[in-house]
Each structure stands twice: as C-alpha cells, then as structure tokens.
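So this one's input_8.cif, mmCIF, C-alpha atoms:
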```
data_query
loop_
_atom_site.label_atom_id
_atom_site.label_comp_id
_atom_site.auth_asym_id
_atom_site.auth_seq_id
_atom_site.Cartn_x
_atom_site.Cartn_y
_atom_site.Cartn_z
CA MET A 141 -20.25 31.92 41.67
CA THR A 142 -19.09 32.47 38.13
CA SER A 143 -17.01 30.03 36.12
CA VAL A 144 -13.70 31.49 37.36
CA LYS A 145 -14.44 33.51 40.49
CA GLU A 146 -16.56 33.35 43.62
CA PHE A 147 -18.39 35.96 45.70
CA ARG A 148 -18.07 36.71 49.36
CA ILE A 149 -20.90 38.83 50.74
CA GLU A 150 -20.37 40.93 53.88
CA GLU A 151 -23.41 43.19 53.55
CA ASP A 152 -26.27 42.68 51.13
CA ALA A 153 -27.25 45.39 48.67
CA THR A 154 -30.74 46.83 49.06
CA ALA A 155 -33.11 48.75 46.81
CA ASP A 156 -31.43 51.98 47.95
CA SER A 157 -27.88 51.16 49.05
CA LEU A 158 -24.85 49.30 47.82
CA GLY A 159 -23.64 46.29 49.76
CA ARG A 160 -20.09 45.12 50.45
CA GLY A 161 -18.29 41.98 49.51
CA SER A 162 -15.45 40.62 47.44
CA PHE A 163 -14.45 38.59 44.42
CA VAL A 164 -12.35 35.51 45.15
CA PHE A 165 -10.38 34.67 42.03
CA THR A 166 -9.77 30.99 41.36
CA ASP A 167 -7.28 29.31 39.03
CA ASP A 168 -10.12 27.89 36.93
CA TYR A 169 -10.61 28.89 33.32
CA SER A 170 -13.47 28.78 30.83
CA VAL A 171 -13.64 28.84 27.03
CA PHE A 172 -16.58 28.78 24.58
CA ASP A 173 -19.03 29.55 27.42
CA TRP A 174 -18.49 26.01 28.77
CA GLY A 175 -17.94 26.99 32.37
CA LYS A 176 -15.27 25.39 34.52
CA MET A 177 -12.82 23.38 32.42
CA PRO A 178 -11.03 20.21 33.64
CA ASP A 179 -7.74 21.95 34.55
CA GLN A 180 -6.58 24.83 36.69
CA ILE A 181 -3.89 27.31 35.63
CA PRO A 182 -1.62 27.98 38.67
CA GLU A 183 -1.60 31.65 39.78
CA LYS A 184 -4.07 32.62 37.07
CA GLY A 185 -6.49 33.91 39.70
CA ALA A 186 -3.87 36.09 41.36
CA SER A 187 -2.71 37.47 38.01
CA LEU A 188 -6.27 38.47 37.05
CA CYS A 189 -6.95 39.97 40.47
CA THR A 190 -3.71 41.95 40.27
CA MET A 191 -4.41 43.30 36.78
CA GLY A 192 -8.02 44.07 37.67
CA ALA A 193 -7.00 45.98 40.81
CA PHE A 194 -4.28 47.84 38.91
CA ASN A 195 -6.78 48.93 36.26
CA PHE A 196 -9.47 49.94 38.73
CA GLU A 197 -6.97 52.15 40.55
CA LEU A 198 -5.93 53.59 37.19
CA LEU A 199 -9.55 54.31 36.28
CA GLU A 200 -10.25 55.94 39.66
CA SER A 201 -7.18 58.16 39.23
CA GLU A 202 -8.68 59.34 35.91
CA GLY A 203 -12.05 60.12 37.50
CA VAL A 204 -13.92 57.01 36.33
CA PRO A 205 -16.27 55.71 39.06
CA THR A 206 -16.01 51.99 39.87
CA HIS A 207 -17.17 49.48 42.46
CA TYR A 208 -13.58 48.71 43.55
CA ARG A 209 -12.52 49.17 47.21
CA GLY A 210 -9.06 47.56 47.28
CA VAL A 211 -7.46 44.13 47.58
CA VAL A 212 -7.67 41.86 50.59
CA GLU A 213 -4.39 41.20 52.35
CA HIS A 214 -4.08 37.56 53.41
CA GLY A 215 -1.60 36.03 55.81
CA ALA A 216 0.56 33.20 54.55
CA GLU A 217 -1.08 30.62 56.80
CA ASN A 218 -4.76 31.53 56.87
CA GLY A 219 -7.51 32.27 54.42
CA GLU A 220 -9.53 34.58 56.65
CA ASN A 221 -10.50 37.97 55.36
CA GLY A 222 -7.82 40.50 56.15
CA GLU A 223 -7.32 44.22 55.76
CA VAL A 224 -8.44 45.95 52.56
CA VAL A 225 -5.45 47.80 51.09
CA PRO A 226 -4.38 49.44 47.81
CA LEU A 227 -2.55 47.10 45.45
CA GLU A 228 0.88 48.64 46.14
CA GLU A 229 0.50 47.83 49.86
CA ALA A 230 -0.21 44.13 49.29
CA SER A 231 2.65 41.95 50.53
CA SER A 232 2.10 39.37 47.75
CA PRO A 233 -0.04 39.09 44.62
CA PRO A 234 -3.65 39.21 45.85
CA TRP A 235 -6.39 36.77 44.92
CA GLU A 236 -9.29 38.57 46.59
CA MET A 237 -10.72 41.97 45.59
CA ALA A 238 -13.01 44.05 47.81
CA ILE A 239 -15.95 45.57 45.96
CA ASP A 240 -19.26 47.35 46.44
CA LEU A 241 -22.20 45.08 45.64
CA THR A 242 -25.40 45.88 43.79
CA GLN A 243 -28.60 43.96 43.21
CA VAL A 244 -28.92 41.28 40.52
CA PRO A 245 -32.63 40.46 40.26
CA ASP A 246 -33.93 37.27 38.68
CA LEU A 247 -34.41 37.41 34.92
CA PRO A 248 -37.43 35.19 34.15
CA ASN A 249 -37.51 33.47 30.80
CA GLU A 250 -39.59 31.13 28.68
CA GLY A 251 -37.15 29.49 26.31
CA ARG A 252 -35.23 32.37 24.75
CA GLU A 253 -37.78 35.03 25.68
CA TYR A 254 -36.49 37.04 28.67
CA ASP A 255 -38.61 39.32 30.86
CA TYR A 256 -36.53 42.46 31.33
CA ASP A 257 -39.54 44.40 32.59
CA SER A 258 -39.63 42.05 35.58
CA TYR A 259 -35.87 42.46 36.09
CA HIS A 260 -36.10 46.26 36.25
CA GLU A 261 -39.25 46.29 38.33
CA ALA A 262 -37.31 44.41 41.01
CA ALA A 263 -34.10 46.41 40.43
CA GLY A 264 -35.33 49.88 41.30
CA GLU A 265 -32.46 52.39 41.54
CA ASN A 266 -29.69 49.91 42.34
CA TYR A 267 -28.83 47.09 39.92
CA LEU A 268 -26.25 45.46 37.71
CA ILE A 269 -26.99 46.55 34.15
CA PRO A 270 -27.67 43.28 32.27
CA LEU A 271 -25.42 44.17 29.34
CA GLU A 272 -21.83 43.69 28.26
CA ILE A 273 -20.40 46.76 26.52
CA VAL A 274 -17.81 45.63 24.00
CA PHE A 275 -15.13 47.86 22.45
CA ARG A 276 -12.94 46.95 19.51
CA ASN A 277 -9.72 48.56 18.30
CA ARG A 278 -9.11 45.83 15.74
CA VAL A 279 -11.28 43.42 13.76
CA PRO A 280 -9.41 40.11 13.53
CA VAL A 281 -10.08 37.38 10.98
CA GLY A 282 -12.87 35.22 12.35
CA SER A 283 -14.48 38.01 14.38
CA SER A 284 -18.26 37.72 14.67
CA LEU A 285 -18.43 41.39 13.65
CA ARG A 286 -17.56 40.32 10.10
CA ARG A 287 -20.55 37.99 9.96
CA ARG A 288 -22.96 40.51 11.44
CA THR A 289 -21.98 43.76 9.74
CA ASP A 290 -20.34 45.28 6.67
CA PRO A 291 -17.28 47.59 6.79
CA ALA A 292 -19.44 50.50 5.62
CA ASP A 293 -21.57 50.13 8.77
CA HIS A 294 -18.54 51.41 10.70
CA GLY A 295 -17.46 54.13 8.30
CA LEU A 296 -14.70 52.01 6.77
CA ASP A 297 -13.77 52.62 3.14
CA LEU A 298 -13.87 48.92 2.24
CA ASP A 299 -16.27 47.05 -0.04
CA SER A 300 -15.92 43.88 2.03
CA TRP A 301 -13.88 42.56 4.92
CA PRO A 302 -10.33 41.69 3.79
CA ASP A 303 -8.52 38.43 4.54
CA GLU A 304 -6.35 40.08 7.16
CA PRO A 305 -7.05 41.91 10.44
CA VAL A 306 -8.36 45.46 10.19
CA ASP A 307 -6.98 48.10 12.56
CA LEU A 308 -9.58 50.75 13.32
CA ASP A 309 -8.97 54.50 13.37
CA GLU A 310 -11.83 54.85 15.85
CA PRO A 311 -12.99 52.12 18.26
CA ILE A 312 -16.27 50.33 17.65
CA VAL A 313 -18.66 49.95 20.61
CA GLU A 314 -21.29 47.20 20.70
CA PHE A 315 -23.74 45.85 23.24
CA SER A 316 -24.53 42.24 24.03
CA THR A 317 -26.71 40.48 26.57
CA LYS A 318 -25.17 39.31 29.83
CA TYR A 319 -27.60 36.94 31.53
CA GLU A 320 -29.17 35.13 28.60
CA GLU A 321 -28.06 31.55 28.11
CA GLY A 322 -26.58 32.44 24.73
CA ASP A 323 -25.15 35.95 24.36
CA ARG A 324 -26.54 37.98 21.47
CA TYR A 325 -25.55 41.35 20.07
CA LEU A 326 -28.09 44.16 20.19
CA ASP A 327 -28.90 47.31 18.29
CA ARG A 328 -28.86 50.57 20.27
CA GLU A 329 -32.64 50.66 20.71
CA GLU A 330 -32.84 47.20 22.25
CA ALA A 331 -29.71 47.82 24.34
CA ASP A 332 -31.29 51.00 25.69
CA PHE A 333 -34.41 49.07 26.71
CA ILE A 334 -32.41 46.32 28.43
CA ALA A 335 -30.25 48.92 30.24
CA GLY A 336 -33.32 50.20 32.08
CA LYS A 337 -32.77 53.60 33.73
CA ALA A 338 -29.12 53.68 32.62
CA ASP A 339 -28.54 55.71 29.45
CA VAL A 340 -27.09 53.64 26.62
CA ASP A 341 -25.09 56.56 25.19
CA ALA A 342 -23.52 57.18 28.59
CA LEU A 343 -22.55 53.50 28.70
CA ALA A 344 -20.92 53.78 25.28
CA ASP A 345 -18.99 56.90 26.31
CA LEU A 346 -17.82 55.16 29.49
CA ALA A 347 -16.64 52.14 27.52
CA LEU A 348 -14.63 54.39 25.19
CA GLU A 349 -12.97 56.10 28.16
CA VAL A 350 -12.05 52.75 29.74
CA ASN A 351 -10.72 51.58 26.39
CA ARG A 352 -8.56 54.71 26.08
CA ILE A 353 -7.05 54.27 29.53
CA VAL A 354 -6.33 50.55 29.11
CA THR A 355 -4.94 51.09 25.60
CA ASP A 356 -2.58 53.82 26.84
CA GLN A 357 -1.32 51.56 29.64
CA ALA A 358 -0.84 48.66 27.23
CA ASP A 359 1.08 50.90 24.81
CA ALA A 360 3.39 51.98 27.62
CA ALA A 361 4.08 48.31 28.39
CA GLY A 362 4.76 47.39 24.76
CA LEU A 363 1.46 45.54 24.36
CA ASP A 364 -1.21 45.88 21.68
CA HIS A 365 -4.75 46.22 23.11
CA GLN A 366 -7.18 44.80 20.56
CA ASP A 367 -10.58 44.60 22.23
CA GLY A 368 -12.39 44.12 25.52
CA LYS A 369 -15.57 44.74 27.46
CA ILE A 370 -16.95 46.33 30.58
CA GLU A 371 -19.93 45.65 32.80
CA CYS A 372 -21.56 48.38 34.85
CA LEU A 373 -23.88 49.00 37.77
CA TYR A 374 -26.50 51.71 38.11
CA HIS A 375 -26.95 53.29 41.53
CA ARG A 376 -29.31 56.21 42.04
CA GLY A 377 -28.45 57.97 38.80
CA GLU A 378 -24.73 57.08 38.69
CA ILE A 379 -23.13 54.50 36.40
CA ARG A 380 -20.05 52.74 37.79
CA VAL A 381 -17.71 50.26 36.16
CA ALA A 382 -18.19 46.86 37.79
CA ASP A 383 -16.99 43.25 37.51
CA VAL A 384 -13.29 43.24 36.43
CA VAL A 385 -11.54 45.38 33.83
CA GLY A 386 -8.61 44.99 31.47
CA THR A 387 -7.40 41.46 32.26
CA PHE A 388 -6.30 38.71 29.91
CA ASP A 389 -9.73 37.10 30.30
CA GLU A 390 -11.86 40.20 29.65
CA ASN A 391 -9.67 41.76 26.95
CA ARG A 392 -7.48 40.68 24.06
CA PHE A 393 -3.88 41.85 24.01
CA SER A 394 -0.94 40.80 21.90
CA TYR A 395 2.83 41.07 22.18
CA GLU A 396 5.01 41.15 19.09
CA GLY A 397 2.13 39.79 17.02
CA THR A 398 1.27 36.88 19.35
CA GLN A 399 -1.89 36.69 21.43
CA LEU A 400 -1.52 37.43 25.14
CA SER A 401 -4.99 36.56 26.44
CA LYS A 402 -7.44 33.73 26.99
CA GLU A 403 -7.65 33.58 23.20
CA VAL A 404 -4.51 31.40 23.34
CA LEU A 405 -6.48 28.70 25.15
CA ARG A 406 -9.46 29.09 22.82
CA GLN A 407 -7.31 28.63 19.74
CA TYR A 408 -5.40 25.72 21.31
CA HIS A 409 -8.68 23.87 21.89
CA LYS A 410 -9.76 24.57 18.32
CA ARG A 411 -6.55 22.96 17.06
CA THR A 412 -6.33 20.02 19.46
CA GLN A 413 -9.96 19.26 20.40
CA PRO A 414 -11.93 20.14 17.26
CA GLU A 415 -14.56 17.45 17.97
CA TRP A 416 -15.47 19.10 21.27
CA VAL A 417 -15.47 22.63 19.78
CA GLN A 418 -17.68 21.45 16.92
CA ALA A 419 -20.05 19.71 19.36
CA VAL A 420 -20.36 22.96 21.35
CA GLU A 421 -21.18 24.93 18.21
CA GLN A 422 -23.74 22.35 17.11
CA ALA A 423 -25.38 22.29 20.54
CA LYS A 424 -25.68 26.08 20.57
CA ALA A 425 -27.19 26.07 17.07
CA GLU A 426 -29.67 23.31 17.99
CA ALA A 427 -30.69 25.13 21.16
CA LYS A 428 -31.36 28.27 19.12
CA ARG A 429 -33.47 26.34 16.60
CA GLU A 430 -35.44 24.58 19.33
CA ASP A 431 -35.79 27.69 21.53
CA ILE A 432 -33.97 25.97 24.40
CA ALA A 433 -32.00 28.15 26.83
CA ASP A 434 -29.70 25.42 28.21
CA TRP A 435 -27.59 24.57 25.16
CA LYS A 436 -25.05 22.65 27.24
CA SER A 437 -27.59 19.91 27.96
CA LEU A 438 -27.56 19.16 24.23
CA CYS A 439 -23.77 18.69 24.03
CA ASP A 440 -22.65 15.06 24.33
CA VAL A 441 -18.88 15.67 24.14
CA GLU A 442 -16.76 16.71 27.14
CA PRO A 443 -13.46 18.67 26.95
CA GLU A 444 -10.25 16.77 27.68
CA PRO A 445 -7.61 17.91 30.21
CA LEU A 446 -4.57 19.84 29.00
CA ALA A 447 -1.05 18.42 28.92
CA ASP A 448 1.21 19.57 31.79
CA GLU A 449 3.42 21.62 29.48
CA VAL A 450 0.39 23.51 28.13
CA VAL A 451 -0.74 24.35 31.67
CA GLU A 452 2.77 25.61 32.47
CA THR A 453 2.88 27.72 29.30
CA ALA A 454 -0.51 29.25 30.13
CA ARG A 455 0.62 29.98 33.71
CA ASP A 456 3.77 31.76 32.50
CA MET A 457 1.76 33.74 29.95
CA TYR A 458 -0.67 35.07 32.58
CA CYS A 459 2.04 35.83 35.15
CA ALA A 460 4.65 37.31 32.80
CA GLY A 461 1.92 39.34 31.11
CA ALA A 462 0.72 40.76 34.45
CA ASN A 463 4.30 41.73 35.34
CA ALA A 464 4.72 43.49 31.99
CA TYR A 465 1.37 45.28 32.05
CA THR A 466 1.73 46.61 35.60
CA GLY A 467 5.46 47.31 35.29
CA ARG A 468 6.05 45.41 38.53
CA GLU A 469 7.80 42.08 39.19
CA LEU A 470 4.94 40.65 41.22
CA PHE A 471 5.16 37.07 39.96
CA ASP A 472 8.06 34.64 39.64
CA ALA A 473 7.82 34.29 35.88
CA PRO A 474 10.12 34.31 32.86
CA PRO A 475 10.53 37.46 30.76
CA LEU A 476 7.49 38.10 28.59
CA SER A 477 9.50 37.41 25.42
CA SER A 478 10.28 33.90 26.72
CA ALA A 479 6.70 33.25 27.78
CA ILE A 480 5.42 34.36 24.38
CA GLY A 481 8.01 32.16 22.68
CA ALA A 482 6.50 29.16 24.47
CA VAL A 483 3.01 30.25 23.40
CA ARG A 484 4.15 30.34 19.76
CA ARG A 485 5.37 26.74 20.08
CA LEU A 486 2.03 25.38 21.29
#
```

If you took the structure in this file and wrote it as structure tokens, what would it be?
Amino acid sequence: MTSVKEFRIEEDATADSLGRGSFVFTDDYSVFDWGKMPDQIPEKGASLCTMGAFNFELLESEGVPTHYRGVVEHGAENGENGEVVPLEEASSPPWEMAIDLTQVPDLPNEGREYDYDSYHEAAGENYLIPLEIVFRNRVPVGSSLRRRTDPADHGLDLDSWPDEPVDLDEPIVEFSTKYEEGDRYLDREEADFIAGKADVDALADLALEVNRIVTDQADAAGLDHQDGKIECLYHRGEIRVADVVGTFDENRFSYEGTQLSKEVLRQYHKRTQPEWVQAVEQAKAEAKREDIADWKSLCDVEPEPLADEVVETARDMYCAGANAYTGRELFDAPPLSSAIGAVRRL
C-alpha cells in the first residue's frame, strides 16, 4: 500500500530475481505527506495509470530500461486480473499496471537515525534504491531549493533568488530520501552511500534522460514541464526506472500559465484550510526537534473534505490533462482550456 495505490503480488522478488505484480491505482489523493485524504477524485487513478503507462512505453522506445510490463485489461463486470496488454490495446482507460517487482528490505531506525547498512546487507543485488531523484526545469517562488541553496550554486548569474520564477537553461538534479518519515535532501556523497551498489552519477544521468523525454512530450502537447522525480531499482548491475513516471502527481506541469498537477490541490488547501496546513508544518518541525520519526502523531488538526465542485474540477483537470498529454481522447472530459478555466476560478 501507498497513499494512492495498492500492490498486487503474483511472484515475490528474491535476492537474485525480479518478481511480478501490479500497481492498482485508486482515486485517493495525498498532499503535504498526510496520506489518504478525506475525499476521492473520480477517475484520478485511471488517469495516472494511463499517463504512467504512456510514459513507460515512451521511455522503453527510447532505450530507457523500466520495470513496466503493460496494463491489465479488465472486463466491465469483474475485477479479476486479465490479460496484460500495451496501452493502445486497452479497451478503456486502465487502472492497473503490470510491473516487475524488486526487494524492499526493512530500514531500521532509532528516531531519525536510519540504518542503511542493514538495508543494503539484506538487499543484495536486487533492491529498490531508497532515493528519490528530483529534476527541475524551473525554480518557482516558494521552492525549497531557494531556502537550501543560492543561485550561484547552480551556475546562475544572480546575486539572490528573484521574486519571480526562474527558468533554467540546464535542469538541476537533486537527491532526497524515500523511506524516512520526513524526506530530506542530500549532497552527492550521502546520496551515493544511500544508493548502495547503484552509482549516483548514473542515477543523475538517467533522471536527465527521463526529464528530456517527458519535457519533449509535454512540449508537443502544449504543456510546460516544470519539475518531477523518478525512483529506480537496481538488479544485478542494471538500473531501471521504477514506480510511476511523468504523471500529474509525480511531476509539475502547467498550461497557459496555470498549474496542471497535484499542486492545484496543495495550493487550494493552503488557501482554504490554513489552520490544518500550519498544524502539519508545526508537527513536522516539532518532530525534527524532538527526534521523532512519526510527525503525524503530533498533529492535532485533521483535514476537512472538499466541496463537490472542487472534486469535479480536480477530476476534469486530471482527465482532460491526460487526454492532452497522450494526444488521445481516453476520458470523457471537457477541453483542457475549459478544465483549466475552472481551476483558475477555484
């Protein structure tokens, strides 16, 4: 289980071999690391599965190795596993993706001290690399990068970060932890240690190639690709792209200057539920001060459900965006310009 998708396991991974299974995409959503929020966004799961499958097939066509095997075709009246097919052969937007599985060992911790030596000792030659590799084509106002670094650190001819977004001539690649209770950004040396046998420079190069392919596809669809991330597995010397790639949850896109991503829901909560957002930030800060991994146990405010019209706007954004990005009318959704117009009115 993750906050928005579930696993089905057909064959377990071993120390030497990949297993087989699938992601089942739900209509749940998560913001601010909260986990499952009170509402569901109809067809969100299918839109993410569709975009993820489309991007994996795009990556494979460009020679990028992945853990993707196809989408699972489901009959209209049953939820049993069906045939694994390429996206174009699916009779309707899929919500289940067939994948190769790798090992995810336990990561022991005492407070905020994590034992990566133990993780890799159990991992051997077949494991999910416990990093997120982040790439940025733009540095928006409010980005954590502005708090953590100076423009000169990235070769930018700026004395300080300006009060407007900064478009980058060359993408920035960063590494953050994946399985720690609170994600933290890492320097290359620490990222290389946490990556284990996987080479950190190879991970950076792979992230740049994924970013190039997704950015080119977004450009062709009239979208602006701002940033995103990948996760990877290591199997007997080979690094493969894992998890899901290039969706509106993993990446930030915009259309005609308006966000087309989960960022819409983040910003909506900031505007309409500031008490909850502030309580989350305070709980995370307190957990860091007290060396407590489970920050959520310190938060005494719960998020409120969304209004029906907000749920509908989010649904249309995901579905119209997937249609536009893939160039296929897979979902019954308004034109993207109409969906974005509704987002602007939130």

Legend entry - Point (-18.7, 44.6, 37.9), cut-off 12 Å, counting only C-alpha atoms, residues as a ChimeraX atom specification: /A:147,161-163,192,196,205-208,237-244,267-273,318,369-374,379-386,390

Legend entry - Result set, the PyMOL selection byres ((chain A and resi 462) around 10) on current file, as number ranges by chain: A: 184, 186-192, 194, 387-388, 456-461, 463-471, 473, 476

Export C-alpha atoms of the chosen residues as a PDB file, in the coordinates of the input?
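Wrote part15.pdb, looks like this:
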```
ATOM      1  CA  LYS A 184      -4.070  32.620  37.070  1.00  0.00           C
ATOM      2  CA  ALA A 186      -3.870  36.090  41.360  1.00  0.00           C
ATOM      3  CA  SER A 187      -2.710  37.470  38.010  1.00  0.00           C
ATOM      4  CA  LEU A 188      -6.270  38.470  37.050  1.00  0.00           C
ATOM      5  CA  CYS A 189      -6.950  39.970  40.470  1.00  0.00           C
ATOM      6  CA  THR A 190      -3.710  41.950  40.270  1.00  0.00           C
ATOM      7  CA  MET A 191      -4.410  43.300  36.780  1.00  0.00           C
ATOM      8  CA  GLY A 192      -8.020  44.070  37.670  1.00  0.00           C
ATOM      9  CA  PHE A 194      -4.280  47.840  38.910  1.00  0.00           C
ATOM     10  CA  THR A 387      -7.400  41.460  32.260  1.00  0.00           C
ATOM     11  CA  PHE A 388      -6.300  38.710  29.910  1.00  0.00           C
ATOM     12  CA  ASP A 456       3.770  31.760  32.500  1.00  0.00           C
ATOM     13  CA  MET A 457       1.760  33.740  29.950  1.00  0.00           C
ATOM     14  CA  TYR A 458      -0.670  35.070  32.580  1.00  0.00           C
ATOM     15  CA  CYS A 459       2.040  35.830  35.150  1.00  0.00           C
ATOM     16  CA  ALA A 460       4.650  37.310  32.800  1.00  0.00           C
ATOM     17  CA  GLY A 461       1.920  39.340  31.110  1.00  0.00           C
ATOM     18  CA  ASN A 463       4.300  41.730  35.340  1.00  0.00           C
ATOM     19  CA  ALA A 464       4.720  43.490  31.990  1.00  0.00           C
ATOM     20  CA  TYR A 465       1.370  45.280  32.050  1.00  0.00           C
ATOM     21  CA  THR A 466       1.730  46.610  35.600  1.00  0.00           C
ATOM     22  CA  GLY A 467       5.460  47.310  35.290  1.00  0.00           C
ATOM     23  CA  ARG A 468       6.050  45.410  38.530  1.00  0.00           C
ATOM     24  CA  GLU A 469       7.800  42.080  39.190  1.00  0.00           C
ATOM     25  CA  LEU A 470       4.940  40.650  41.220  1.00  0.00           C
ATOM     26  CA  PHE A 471       5.160  37.070  39.960  1.00  0.00           C
ATOM     27  CA  ALA A 473       7.820  34.290  35.880  1.00  0.00           C
ATOM     28  CA  LEU A 476       7.490  38.100  28.590  1.00  0.00           C
TER      29      LEU A 476
END
```

Could you give me, as CSV, a per-residue list for stretch 165-251 of chain A showing, wherever an atom lies at most 10 Å from an atom of stretch 334-351 of chain A, the closest pair of atoms and their distance in Å to one decimal, using only C-alpha atoms and sorting by chain then residue number from low to high?
```
residue,atom,partner,partner_atom,distance
A:Asn195,CA,A:Val350,CA,9.2
A:Phe196,CA,A:Val350,CA,9.8
A:Leu198,CA,A:Val350,CA,9.7
A:Leu199,CA,A:Val350,CA,7.2
A:Glu202,CA,A:Glu349,CA,9.4
A:Val204,CA,A:Val350,CA,8.1
A:Pro205,CA,A:Leu346,CA,9.7
```

Legend entry - Neighbour residues at most 8 Å from (-5.9, 31.6, 34.3) (all atoms listed in the file) as a PyMOL selection string: chain A and resi 167-169+180-185+187-188+389+402+454-455+458

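Minimum atom-to-atom distance to A:Leu227, evaluated using all atoms listed in the file, belongs to A:Ala193 out of A:Glu253, A:Ala193, A:Ser477, A:Gln357.
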
Legend entry - the PyMOL selection byres ((chain A and resi 246-250) around 9) resolved against shown file, as a VMD selection string: chain A and resid 244 to 245 251 to 259 262 319 to 320 431 to 433

Take the residues just selected and output them with C-alpha atoms as an mmCIF file, in the coordinates of the input.
```cif
data_model
loop_
_atom_site.group_PDB
_atom_site.id
_atom_site.type_symbol
_atom_site.label_atom_id
_atom_site.label_comp_id
_atom_site.auth_asym_id
_atom_site.auth_seq_id
_atom_site.Cartn_x
_atom_site.Cartn_y
_atom_site.Cartn_z
ATOM 1 C CA VAL A 244 -28.920 41.280 40.520
ATOM 2 C CA PRO A 245 -32.630 40.460 40.260
ATOM 3 C CA GLY A 251 -37.150 29.490 26.310
ATOM 4 C CA ARG A 252 -35.230 32.370 24.750
ATOM 5 C CA GLU A 253 -37.780 35.030 25.680
ATOM 6 C CA TYR A 254 -36.490 37.040 28.670
ATOM 7 C CA ASP A 255 -38.610 39.320 30.860
ATOM 8 C CA TYR A 256 -36.530 42.460 31.330
ATOM 9 C CA ASP A 257 -39.540 44.400 32.590
ATOM 10 C CA SER A 258 -39.630 42.050 35.580
ATOM 11 C CA TYR A 259 -35.870 42.460 36.090
ATOM 12 C CA ALA A 262 -37.310 44.410 41.010
ATOM 13 C CA TYR A 319 -27.600 36.940 31.530
ATOM 14 C CA GLU A 320 -29.170 35.130 28.600
ATOM 15 C CA ASP A 431 -35.790 27.690 21.530
ATOM 16 C CA ILE A 432 -33.970 25.970 24.400
ATOM 17 C CA ALA A 433 -32.000 28.150 26.830
#
```

Inset, instruction - Report the distance between atom CA of A:Asp367 and atom CA of A:Glu426 in Å, rounded to one decimal place. - result: 28.9 Å

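Distance-wise, atom CA of A:Asp290 and atom CA of A:Leu326 end up 15.6 Å apart.
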
Inset, instruction - Have a look at atom CA of A:Thr154 and atom CA of A:Arg209 and let me know their distance in Å, one decimal. - result: 18.5 Å

Inset, instruction - May I ask which of the residues A:Glu228, A:Glu421, A:Asp156, A:Glu396 is the closest one to A:Ile480, counting all atoms listed in the file? - result: A:Glu396

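Take the PyMOL selection byres ((chain A and resi 236) around 6) and apply it to this file: it picks A:Phe163, A:Val164, A:Val211, A:Val212, A:Pro234, A:Trp235, A:Met237.
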
Legend entry - Pick from A:Ile353, A:Lys145, A:His365, A:Glu321, whichever lies nearest to A:Ser170 using only C-alpha atoms: A:Lys145

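With distances restricted to only C-alpha atoms, A:Lys436 is the closest residue to A:Trp416 from A:His214, A:Lys436, A:Arg288, A:Arg352.
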
Enclose stretch 298-309 of chain A, meaning all of its atoms listed in the file, in a box aligned along x, y and z, pad it by 6 Å on each side, and list the centre and edge lengths in Å to one decimal, as JSON.
```
{"center_x": -11.3, "center_y": 46.5, "center_z": 6.7, "size_x": 21.9, "size_y": 28.1, "size_z": 25.4}
```

Near-stretch 309-312 of chain A list (7 Å; all atoms listed in the file; drop same-chain fewer than 3 positions) as a PDB file with C-alpha atoms, keeping the file's coordinate frame:
```pdb
ATOM      1  CA  PHE A 275     -15.130  47.860  22.450  1.00  0.00           C
ATOM      2  CA  ARG A 276     -12.940  46.950  19.510  1.00  0.00           C
ATOM      3  CA  ASN A 277      -9.720  48.560  18.300  1.00  0.00           C
TER       4      ASN A 277
END
```

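Of the listed residues (A:Glu415, A:His260, A:Lys410, A:Val279), A:Val279 comes nearest to A:Pro302; the distances count only C-alpha atoms.
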
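Shortest separation to A:Thr453 among A:Arg278, A:Lys424, A:Arg484, A:Arg429 occurs at residue A:Arg484, atoms counted being only C-alpha atoms.
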